[in-house]
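Okay, final-v3.csv now, which holds CSV, C-alpha atoms and all ligand atoms:
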chain,number,residue,atom,x,y,z
A,1,MET,CA,-16.4,-5.0,-19.2
A,2,ALA,CA,-16.9,-1.3,-18.3
A,3,GLU,CA,-14.9,1.7,-19.5
A,4,LEU,CA,-13.4,3.7,-16.7
A,5,ALA,CA,-12.1,7.3,-17.3
A,6,VAL,CA,-8.7,7.6,-15.8
A,7,GLY,CA,-7.6,10.9,-17.3
A,8,HIS,CA,-8.5,13.5,-19.9
A,9,ALA,CA,-8.2,11.4,-22.9
A,10,GLU,CA,-7.5,8.0,-21.2
A,11,THR,CA,-10.0,5.2,-20.7
A,12,VAL,CA,-9.1,1.8,-19.3
A,13,GLU,CA,-11.2,-1.3,-19.7
A,14,VAL,CA,-12.0,-2.8,-16.4
A,15,PRO,CA,-14.2,-5.7,-15.5
A,16,ASP,CA,-17.6,-4.6,-14.2
A,17,LEU,CA,-16.8,-5.1,-10.6
A,18,ALA,CA,-20.3,-4.2,-9.4
A,19,SER,CA,-21.5,-7.4,-11.0
A,20,CYS,CA,-18.9,-9.6,-9.4
A,21,PRO,CA,-20.3,-11.5,-6.5
A,22,THR,CA,-18.7,-10.6,-3.2
A,23,LEU,CA,-17.1,-13.8,-2.0
A,24,VAL,CA,-15.7,-13.2,1.4
A,25,PRO,CA,-14.3,-16.4,2.9
A,26,ALA,CA,-16.1,-17.2,6.1
A,27,ALA,CA,-12.9,-17.4,8.1
A,28,PRO,CA,-10.0,-15.5,6.7
A,29,ASN,CA,-7.7,-18.0,8.3
A,30,ILE,CA,-4.5,-16.0,8.5
A,31,ALA,CA,-1.8,-16.0,11.1
A,32,ALA,CA,-0.8,-13.0,13.0
A,33,ALA,CA,2.0,-10.8,11.4
A,34,PRO,CA,5.3,-11.8,12.9
A,35,ASP,CA,6.8,-9.2,15.2
A,36,ALA,CA,10.3,-8.5,13.9
A,37,PRO,CA,12.7,-7.6,16.8
A,38,ALA,CA,12.7,-3.9,17.4
A,39,GLY,CA,16.5,-3.8,17.2
A,40,GLU,CA,17.8,-0.3,16.5
A,41,LEU,CA,14.9,1.6,15.1
A,42,LEU,CA,15.8,4.4,12.8
A,43,GLY,CA,19.3,5.7,12.4
A,44,GLY,CA,21.1,6.5,15.6
A,45,GLY,CA,18.8,4.2,17.7
A,46,ALA,CA,15.9,6.6,17.9
A,47,THR,CA,12.7,4.9,19.0
A,48,ARG,CA,10.2,7.7,18.5
A,49,LEU,CA,9.1,10.3,16.0
A,50,GLY,CA,7.3,13.1,17.7
A,51,HIS,CA,4.3,11.7,19.5
A,52,TYR,CA,4.7,8.3,17.8
A,53,ALA,CA,6.5,5.7,19.9
A,54,LEU,CA,8.0,3.1,17.5
A,55,LEU,CA,7.3,-0.4,18.6
A,56,HIS,CA,8.8,-2.9,16.0
A,57,GLU,CA,9.4,-3.4,12.3
A,58,LEU,CA,6.4,-4.6,10.3
A,59,GLY,CA,8.1,-4.9,6.9
A,60,ARG,CA,10.3,-3.3,4.3
A,61,GLY,CA,10.4,-2.7,0.6
A,62,GLY,CA,12.7,-1.2,-1.9
A,63,MET,CA,12.1,2.4,-0.7
A,64,SER,CA,11.2,2.3,3.0
A,65,VAL,CA,10.7,0.5,6.3
A,66,VAL,CA,7.3,0.3,8.0
A,67,TYR,CA,7.1,0.2,11.8
A,68,ALA,CA,4.3,-0.4,14.1
A,69,ALA,CA,4.0,2.6,16.4
A,70,TYR,CA,1.8,3.9,19.2
A,71,ASP,CA,0.2,7.3,18.6
A,72,GLU,CA,0.3,8.8,22.1
A,73,LYS,CA,-2.0,11.7,21.3
A,74,LEU,CA,-4.8,9.6,19.8
A,75,ASP,CA,-4.2,6.5,21.8
A,76,ARG,CA,-4.1,4.1,19.0
A,77,LYS,CA,-1.7,1.8,17.1
A,78,VAL,CA,-0.5,3.1,13.7
A,79,ALA,CA,1.9,2.2,10.9
A,80,ILE,CA,4.8,4.6,10.2
A,81,LYS,CA,6.6,4.5,6.9
A,82,VAL,CA,10.1,6.0,6.8
A,83,LEU,CA,12.4,6.2,3.8
A,84,HIS,CA,15.6,4.1,3.7
A,85,ALA,CA,17.4,7.2,2.3
A,86,ARG,CA,17.2,10.1,4.7
A,87,GLY,CA,17.3,13.4,2.9
A,88,ASP,CA,16.9,12.0,-0.6
A,89,PRO,CA,14.8,14.6,-2.5
A,90,TRP,CA,13.5,12.2,-5.1
A,91,ALA,CA,12.4,9.7,-2.4
A,92,GLN,CA,10.8,12.5,-0.4
A,93,ARG,CA,8.9,13.7,-3.4
A,94,ARG,CA,7.6,10.2,-3.9
A,95,LEU,CA,6.5,9.9,-0.3
A,96,LEU,CA,4.6,13.2,-0.6
A,97,ARG,CA,3.0,12.0,-3.8
A,98,GLU,CA,2.0,8.7,-2.1
A,99,ALA,CA,0.5,10.7,0.8
A,100,GLN,CA,-1.4,13.0,-1.5
A,101,ALA,CA,-2.7,10.1,-3.5
A,102,LEU,CA,-3.9,8.3,-0.4
A,103,ALA,CA,-5.4,11.5,0.9
A,104,GLN,CA,-7.7,11.6,-2.1
A,105,LEU,CA,-8.9,8.0,-1.4
A,106,SER,CA,-11.4,6.9,1.1
A,107,HIS,CA,-12.2,3.3,0.3
A,108,SER,CA,-12.4,0.1,2.3
A,109,ASN,CA,-9.9,-1.6,0.1
A,110,VAL,CA,-7.2,1.1,0.3
A,111,VAL,CA,-5.0,1.8,3.3
A,112,GLN,CA,-6.0,5.0,5.1
A,113,ILE,CA,-3.4,7.8,5.5
A,114,TYR,CA,-3.3,9.8,8.8
A,115,GLU,CA,-0.6,12.3,8.1
A,116,ILE,CA,2.8,13.0,6.4
A,117,GLY,CA,5.5,14.6,8.6
A,118,ASP,CA,9.1,15.5,8.8
A,119,LEU,CA,11.0,15.5,12.1
A,120,ASP,CA,14.7,16.5,12.1
A,121,GLY,CA,15.0,15.7,8.4
A,122,GLN,CA,13.3,12.3,8.8
A,123,ALA,CA,10.3,12.3,6.4
A,124,PHE,CA,7.6,9.8,7.5
A,125,LEU,CA,4.0,8.8,6.7
A,126,ALA,CA,1.6,7.7,9.4
A,127,MET,CA,-1.2,5.4,8.3
A,128,GLU,CA,-3.7,2.8,9.4
A,129,PHE,CA,-2.1,-0.2,11.1
A,130,ILE,CA,-3.1,-3.3,9.2
A,131,ASP,CA,-2.9,-6.2,11.6
A,132,GLY,CA,-2.4,-8.9,9.0
A,133,ILE,CA,-0.1,-10.2,6.3
A,134,THR,CA,0.9,-9.5,2.8
A,135,LEU,CA,-0.9,-11.1,-0.1
A,136,ARG,CA,2.4,-12.8,-1.0
A,137,ARG,CA,2.6,-14.5,2.4
A,138,TRP,CA,-1.2,-15.3,2.3
A,139,CYS,CA,-0.8,-17.1,-1.1
A,140,SER,CA,2.3,-19.1,0.0
A,141,GLU,CA,1.1,-20.1,3.4
A,142,GLN,CA,-1.3,-22.8,2.2
A,143,PRO,CA,-3.2,-23.7,-0.9
A,144,ARG,CA,-6.1,-21.3,-1.4
A,145,SER,CA,-9.5,-22.2,-2.9
A,146,ARG,CA,-10.7,-20.6,-6.1
A,147,ALA,CA,-13.4,-18.8,-4.2
A,148,GLU,CA,-10.9,-17.4,-1.7
A,149,LEU,CA,-8.5,-16.2,-4.4
A,150,LEU,CA,-11.4,-14.7,-6.4
A,151,ALA,CA,-12.7,-12.8,-3.3
A,152,VAL,CA,-9.3,-11.5,-2.3
A,153,PHE,CA,-8.2,-10.4,-5.8
A,154,THR,CA,-11.7,-8.9,-6.5
A,155,ALA,CA,-11.4,-6.8,-3.3
A,156,ALA,CA,-7.9,-5.6,-4.3
A,157,GLY,CA,-9.3,-4.8,-7.7
A,158,ARG,CA,-12.0,-2.6,-6.1
A,159,GLY,CA,-9.3,-0.7,-4.3
A,160,LEU,CA,-7.4,-0.1,-7.6
A,161,ALA,CA,-10.7,0.8,-9.3
A,162,ALA,CA,-11.3,3.4,-6.6
A,163,ALA,CA,-7.9,4.9,-7.4
A,164,HIS,CA,-8.7,4.9,-11.1
A,165,VAL,CA,-11.9,6.8,-10.5
A,166,LYS,CA,-9.7,9.6,-9.0
A,167,GLY,CA,-7.4,9.4,-12.0
A,168,LEU,CA,-4.6,7.6,-10.1
A,169,ILE,CA,-2.6,4.7,-11.4
A,170,HIS,CA,-0.9,2.6,-8.7
A,171,ARG,CA,1.9,1.3,-11.1
A,172,ASP,CA,3.4,-1.1,-8.5
A,173,PHE,CA,0.6,-3.6,-7.9
A,174,LYS,CA,2.1,-6.8,-6.6
A,175,PRO,CA,1.5,-9.3,-3.8
A,176,ASP,CA,3.9,-7.4,-1.4
A,177,ASN,CA,1.7,-4.3,-1.8
A,178,VAL,CA,-1.6,-5.8,-0.8
A,179,MET,CA,-2.3,-6.7,2.7
A,180,ILE,CA,-5.0,-9.0,4.2
A,181,HIS,CA,-6.2,-8.0,7.6
A,182,ARG,CA,-6.9,-10.6,10.3
A,183,ASP,CA,-10.6,-9.6,10.0
A,184,GLY,CA,-10.6,-10.5,6.3
A,185,ARG,CA,-10.3,-7.0,4.8
A,186,VAL,CA,-8.1,-6.7,1.8
A,187,LEU,CA,-6.2,-3.4,1.4
A,188,VAL,CA,-4.1,-2.1,-1.4
A,189,THR,CA,-1.0,-0.3,0.0
A,190,ASP,CA,2.2,1.3,-1.2
A,191,PHE,CA,1.2,4.1,-3.6
A,192,GLY,CA,4.9,5.1,-3.7
A,193,LEU,CA,5.0,5.0,-7.5
A,194,VAL,CA,1.5,6.4,-8.1
A,195,ARG,CA,0.9,8.6,-11.1
A,196,GLY,CA,-2.0,10.8,-12.1
A,197,ALA,CA,-3.3,10.1,-15.5
A,198,GLY,CA,-3.1,13.6,-16.8
A,199,PRO,CA,-2.0,14.3,-20.4
A,200,ASN,CA,1.6,15.1,-19.3
A,201,GLU,CA,2.1,11.9,-17.3
A,202,SER,CA,3.4,8.9,-19.2
A,203,LEU,CA,1.9,5.6,-18.0
A,204,ARG,CA,4.8,3.6,-19.3
A,205,ILE,CA,6.7,1.4,-16.9
A,206,SER,CA,10.3,2.2,-16.9
A,207,ALA,CA,13.2,0.1,-15.6
A,208,SER,CA,13.0,2.1,-12.3
A,209,SER,CA,9.2,2.0,-11.8
A,210,GLY,CA,7.3,-1.0,-10.8
A,211,VAL,CA,8.0,-4.7,-11.5
A,212,LEU,CA,7.6,-5.4,-15.2
A,213,GLN,CA,6.3,-9.0,-14.6
A,214,MET,CA,3.5,-7.6,-12.5
A,215,ALA,CA,2.6,-4.7,-14.8
A,216,SER,CA,-0.5,-4.7,-16.9
A,217,PRO,CA,0.2,-5.5,-20.6
A,218,ARG,CA,-1.1,-2.0,-21.5
A,219,SER,CA,1.3,-0.2,-19.1
A,220,ALA,CA,4.2,-2.4,-19.9
A,221,ARG,CA,4.0,-1.8,-23.7
B,301,LIG,N1,-0.2,0.0,6.9
B,301,LIG,C1,0.5,-1.0,7.1
B,301,LIG,N2,0.3,-1.9,8.2
B,301,LIG,C2,1.0,-2.9,8.4
B,301,LIG,N3,2.1,-3.3,7.7
B,301,LIG,C3,2.4,-2.5,6.6
B,301,LIG,C4,1.6,-1.4,6.3
B,301,LIG,N4,2.1,-0.8,5.1
B,301,LIG,C5,3.2,-1.6,4.8
B,301,LIG,N5,3.4,-2.6,5.6
B,301,LIG,C6,4.4,-3.7,5.6
B,301,LIG,O1,5.6,-3.0,5.2
B,301,LIG,C7,6.1,-3.5,3.9
B,301,LIG,C8,6.8,-2.4,3.1
B,301,LIG,O2,5.8,-1.4,2.9
B,301,LIG,P1,5.7,-0.6,1.5
B,301,LIG,O3,4.7,0.5,1.7
B,301,LIG,O4,5.3,-1.7,0.5
B,301,LIG,O5,7.2,-0.1,1.3
B,301,LIG,P2,8.0,0.1,0.0
B,301,LIG,O6,7.5,1.4,-0.7
B,301,LIG,O7,9.4,0.3,0.4
B,301,LIG,O8,7.8,-1.1,-0.9
B,301,LIG,C9,4.9,-4.2,3.3
B,301,LIG,O9,5.2,-5.2,2.4
B,301,LIG,C10,4.1,-4.7,4.5
B,301,LIG,O10,4.7,-5.9,4.9
B,302,MG,MG,6.1,-2.0,-1.4
Could the structure of this file be written out as structure tokens, please?
Ligand SMILES: Nc1ncnc2c1ncn2[C@@H]1O[C@H](COP(=O)(O)OP(=O)(O)O)[C@@H](O)[C@H]1O
Ligand SMILES: [Mg+2]
Amino acid sequence: MAELAVGHAETVEVPDLASCPTLVPAAPNIAAAPDAPAGELLGGGATRLGHYALLHELGRGGMSVVYAAYDEKLDRKVAIKVLHARGDPWAQRRLLREAQALAQLSHSNVVQIYEIGDLDGQAFLAMEFIDGITLRRWCSEQPRSRAELLAVFTAAGRGLAAAHVKGLIHRDFKPDNVMIHRDGRVLVTDFGLVRGAGPNESLRISASSGVLQMASPRSAR
């Protein structure tokens, strides 16, 4: 075990990930993400946000919907996260915090942010499009070998450890917030409940933050 500084007075015990063997399954063996019907994208049927043309829904969580989109300026596919609640100041603050946290991170196991924007009151976050499936779906699709599980969870742990090095606690780590790319890469996503580990920031999980069953014993205390 290694001790990792996550704040001024805080240290967290983490396994020494450097000594973990990197067990990448030879063939990731995942199906393509299903394309949800485009339907009516965004309120009022809008199908674009500035230079992003929205293509179809990729998934949704408690706070937001994520769409596949085409960035017409940079000629590439991206993922656009928009909030369920338009104009909710609390949710907008969380989205900004998520964006700022992601902007501090550059790691192969953390989704990459491109920009945060606001168009006609619609706050959004543009990020790397992950052509893959959530860890939840990957686990339920078929039985996974011990080596596969170890490889995937170790990779996700590396992403979390990279955040800890920057003093960031994810606080909502669960199978819906980890994605496995078709090329085998494992990426931690959804830093919507992220916290810095400064002296004024409580690490306790409250009823409104994170899923208690998925929280570490330390943070759930
Ligand atoms: N960068 C991405 N590329 C592809 N799909 C994504 C991406 N980010 C999120 N998703 C999909 O959207 C879902 C919701 O995104 P998430 O950020 O977890 O939203 P919430 O904060 O509402 O929980 C995820 O479970 C996943 O299926
Ligand atoms: Mg989520």
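Once only C-alpha atoms and all ligand atoms are used for the distance check, the residues close to ligand MG 302 (chain B) at 7 Å turn out to be A:Gly61, A:Gly62, A:Asp176, A:Asn177, A:Asp190.
Of note, CA of Ala151 (chain A) and CA of Phe191 (chain A) are spaced 21.9 Å apart.
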Within 9 Å of ligand LIG 301 (chain B), counting all atoms listed in the file: which residues, as a PDB file with C-alpha atoms, in the frame of the given file?
ATOM      1  CA  ALA A  33       2.000 -10.800  11.400  1.00  0.00           C
ATOM      2  CA  GLU A  57       9.400  -3.400  12.300  1.00  0.00           C
ATOM      3  CA  LEU A  58       6.400  -4.600  10.300  1.00  0.00           C
ATOM      4  CA  GLY A  59       8.100  -4.900   6.900  1.00  0.00           C
ATOM      5  CA  ARG A  60      10.300  -3.300   4.300  1.00  0.00           C
ATOM      6  CA  GLY A  61      10.400  -2.700   0.600  1.00  0.00           C
ATOM      7  CA  GLY A  62      12.700  -1.200  -1.900  1.00  0.00           C
ATOM      8  CA  MET A  63      12.100   2.400  -0.700  1.00  0.00           C
ATOM      9  CA  SER A  64      11.200   2.300   3.000  1.00  0.00           C
ATOM     10  CA  VAL A  65      10.700   0.500   6.300  1.00  0.00           C
ATOM     11  CA  VAL A  66       7.300   0.300   8.000  1.00  0.00           C
ATOM     12  CA  TYR A  67       7.100   0.200  11.800  1.00  0.00           C
ATOM     13  CA  ALA A  68       4.300  -0.400  14.100  1.00  0.00           C
ATOM     14  CA  VAL A  78      -0.500   3.100  13.700  1.00  0.00           C
ATOM     15  CA  ALA A  79       1.900   2.200  10.900  1.00  0.00           C
ATOM     16  CA  ILE A  80       4.800   4.600  10.200  1.00  0.00           C
ATOM     17  CA  LYS A  81       6.600   4.500   6.900  1.00  0.00           C
ATOM     18  CA  VAL A  82      10.100   6.000   6.800  1.00  0.00           C
ATOM     19  CA  LEU A  83      12.400   6.200   3.800  1.00  0.00           C
ATOM     20  CA  HIS A  84      15.600   4.100   3.700  1.00  0.00           C
ATOM     21  CA  LEU A  95       6.500   9.900  -0.300  1.00  0.00           C
ATOM     22  CA  VAL A 111      -5.000   1.800   3.300  1.00  0.00           C
ATOM     23  CA  GLN A 112      -6.000   5.000   5.100  1.00  0.00           C
ATOM     24  CA  ILE A 113      -3.400   7.800   5.500  1.00  0.00           C
ATOM     25  CA  ALA A 126       1.600   7.700   9.400  1.00  0.00           C
ATOM     26  CA  MET A 127      -1.200   5.400   8.300  1.00  0.00           C
ATOM     27  CA  GLU A 128      -3.700   2.800   9.400  1.00  0.00           C
ATOM     28  CA  PHE A 129      -2.100  -0.200  11.100  1.00  0.00           C
ATOM     29  CA  ILE A 130      -3.100  -3.300   9.200  1.00  0.00           C
ATOM     30  CA  ASP A 131      -2.900  -6.200  11.600  1.00  0.00           C
ATOM     31  CA  GLY A 132      -2.400  -8.900   9.000  1.00  0.00           C
ATOM     32  CA  ILE A 133      -0.100 -10.200   6.300  1.00  0.00           C
ATOM     33  CA  THR A 134       0.900  -9.500   2.800  1.00  0.00           C
ATOM     34  CA  LEU A 135      -0.900 -11.100  -0.100  1.00  0.00           C
ATOM     35  CA  ARG A 136       2.400 -12.800  -1.000  1.00  0.00           C
ATOM     36  CA  ASP A 172       3.400  -1.100  -8.500  1.00  0.00           C
ATOM     37  CA  PRO A 175       1.500  -9.300  -3.800  1.00  0.00           C
ATOM     38  CA  ASP A 176       3.900  -7.400  -1.400  1.00  0.00           C
ATOM     39  CA  ASN A 177       1.700  -4.300  -1.800  1.00  0.00           C
ATOM     40  CA  VAL A 178      -1.600  -5.800  -0.800  1.00  0.00           C
ATOM     41  CA  MET A 179      -2.300  -6.700   2.700  1.00  0.00           C
ATOM     42  CA  HIS A 181      -6.200  -8.000   7.600  1.00  0.00           C
ATOM     43  CA  LEU A 187      -6.200  -3.400   1.400  1.00  0.00           C
ATOM     44  CA  THR A 189      -1.000  -0.300   0.000  1.00  0.00           C
ATOM     45  CA  ASP A 190       2.200   1.300  -1.200  1.00  0.00           C
ATOM     46  CA  PHE A 191       1.200   4.100  -3.600  1.00  0.00           C
ATOM     47  CA  GLY A 192       4.900   5.100  -3.700  1.00  0.00           C
ATOM     48  CA  LEU A 193       5.000   5.000  -7.500  1.00  0.00           C
TER      49      LEU A 193
END
Practice item. Provide the CA of Ala215 (chain A) to CA of Val194 (chain A) distance in Å, to one decimal place. Key: 13.0 Å
**Study point:** Nearest-residue call for Arg182 (chain A), choices A:Arg144, A:Trp138, A:Lys77, A:Ser106, using only C-alpha atoms
**Key:** A:Trp138
Practice item. Work out how far apart CA of Leu55 (chain A) and CA of Ala69 (chain A) are and give it in Å to one decimal. Key: 5.0 Å
Point to revise | Counting all atoms listed in the file, the option among A:Leu168, A:Leu160, A:Met214, A:Leu54 closest to Val110 (chain A) | key: A:Leu160
